[in-house]
Amino acid sequence: MAAAARDPLSAVGLDEADEAVRGTCEDASVCKRFAVSVGYWKDPYLQYFVRQAKERKAPEINRGYYARVHGVSYLIKAFLKKTECNCQIVNLGAGMDTLFWRLKDENLLPKKYFEVDFPMIVARKIHNIKSKPPLSKPIMESHSGDSLLIGGTLLSHSLPEVNMTDRFGQIMIENLQRRQCNLAGVEVCRSLDSQRERLLLNGWETARAIDMMKVYSFLPQADVKRIEGLEFLDEKELFEQLMQHYCICWASKDSSNLGNVLQHLRGLANITF
């Protein structure tokens, strides 16, 4: 009886927590849309998913998203080219991400591409796809001769945080908690080593992790100079602290040595985005 009486309250608590997590999708999408509008990178598809921001976003936020988008893009492209696209991508917590369309534009679609998120977010994304030809047409083209299912919440077609035990990391956690968004798995976000260990303990043969400040330093310097000229950054120390608390992790478990292909992020200097 006591357990049954607590269940409704638990359900309410879980729903509130889920709502806070769902809210991060909108936050991230709006930040990306603003950065694109300023000229940090090109994404012609994002406008169909998210409104333009009503206020400016801080330069350190824009530069952070710039590094994230370019760093992840490099790893994905290296993986696709190594496998000759004979692979699949599962995009967890995809939100309003436009990766599918950007890869299609470069003729780099994998054999299968999946996106996973809350049903409410997936339903919203599917509605946008159905109602906007620039989104639906590329999907239909990629399934010529094949069946395509676009249901109410189904369409078949992470940057962890790191160094969370220092004062800056604790402030980040407290800010999320004030939004009722607890950071699940924060106990493995102590360091880059703990992130690698997390992957190795879960069966991956090789694992690597670098913080976003390192990624930023590896980006093509001509383009970095261009984006740094878009906005004046006063709080350079804050930017560095922020970037040192996010990282990119990747791991491999195969016999084709994919891990070695992905380990040299210095190759970013030779990649055009």
# chains A, B, ... in the order shown; residues from 1 in each chain; ligands from 1
$ residues_around --residues "range 192-196 of chain A" --least-positions-apart "2" --cutoff "6 Å" --atoms "only C-alpha atoms" --output "PyMOL selection string"
chain A and resi 188+198-199+207-209
$ write_last_selection --atoms "C-alpha atoms" --output "tab-separated table (two decimals), in the first residue's frame"
chain	number	residue	atom	x	y	z
A	188	VAL	CA	32.14	9.36	-14.25
A	198	ARG	CA	33.90	4.24	-18.51
A	199	LEU	CA	34.07	3.14	-22.14
A	207	ALA	CA	38.91	4.63	-26.00
A	208	ARG	CA	40.08	8.22	-26.25
A	209	ALA	CA	38.92	11.57	-24.88
$ residues_around --residues "Arg124 in chain A" --least-positions-apart "4" --cutoff "9 Å" --atoms "only C-alpha atoms" --output "list in words"
Phe49, Pro119, Met120, Asn128, Ile129 and Thr153 of chain A
$ closest_residue --among "A:Ala67, A:Leu99, A:Ile76, A:Ile210" --to "Asp43 in chain A" --atoms "only C-alpha atoms"
A:Leu99
$ closest_residue --among "A:Ala123, A:Lys225, A:Cys87, A:Glu237" --to "Pro110 in chain A" --atoms "only C-alpha atoms"
A:Cys87
$ select_by_dssp --residues "range 7-77 of chain A" --states "helix (DSSP H, G or I)" --output "MDAnalysis selection string"
chainID A and resid 7:38 46:48 59:77
$ closest_residue --among "A:Ile61, A:Ile89, A:Leu135, A:Leu75" --to "Gln241 in chain A" --atoms "only C-alpha atoms"
A:Ile61
$ atom_distance --atom1 "CA of Pro59 in chain A" --atom2 "CA of Lys236 in chain A"
9.8 Å
$ residues_around --residues "Asp97 in chain A" --least-positions-apart "6" --cutoff "10 Å" --atoms "only C-alpha atoms" --output "PyMOL selection string"
chain A and resi 25+28-29+32+45-46+49+91+115+125
$ closest_residue --among "A:Glu205, A:Glu228, A:Glu197, A:Glu60" --to "Met243 in chain A" --atoms "only C-alpha atoms"
A:Glu60
$ closest_residue --among "A:Glu187, A:Gln244, A:Trp101, A:Asp27" --to "Ser136 in chain A" --atoms "only C-alpha atoms"
A:Trp101
$ closest_residue --among "A:Tyr48, A:Phe232, A:Phe100, A:Phe239" --to "Gly64 in chain A" --atoms "only C-alpha atoms"
A:Phe239
$ select_by_dssp --residues "range 35-209 of chain A" --states "strand (DSSP E)" --output "ChimeraX atom specification"
/A:88-92,112-116,206-209
$ residues_around --residues "Cys85 in chain A" --least-positions-apart "5" --cutoff "12 Å" --atoms "only C-alpha atoms" --output "list in words"
Ile76, Lys77, Ala78, Phe79, Leu80, Leu103, Lys104, Glu106, Asn107, Leu108, Leu109, Pro110, Lys111, Lys112 and Tyr113 of chain A
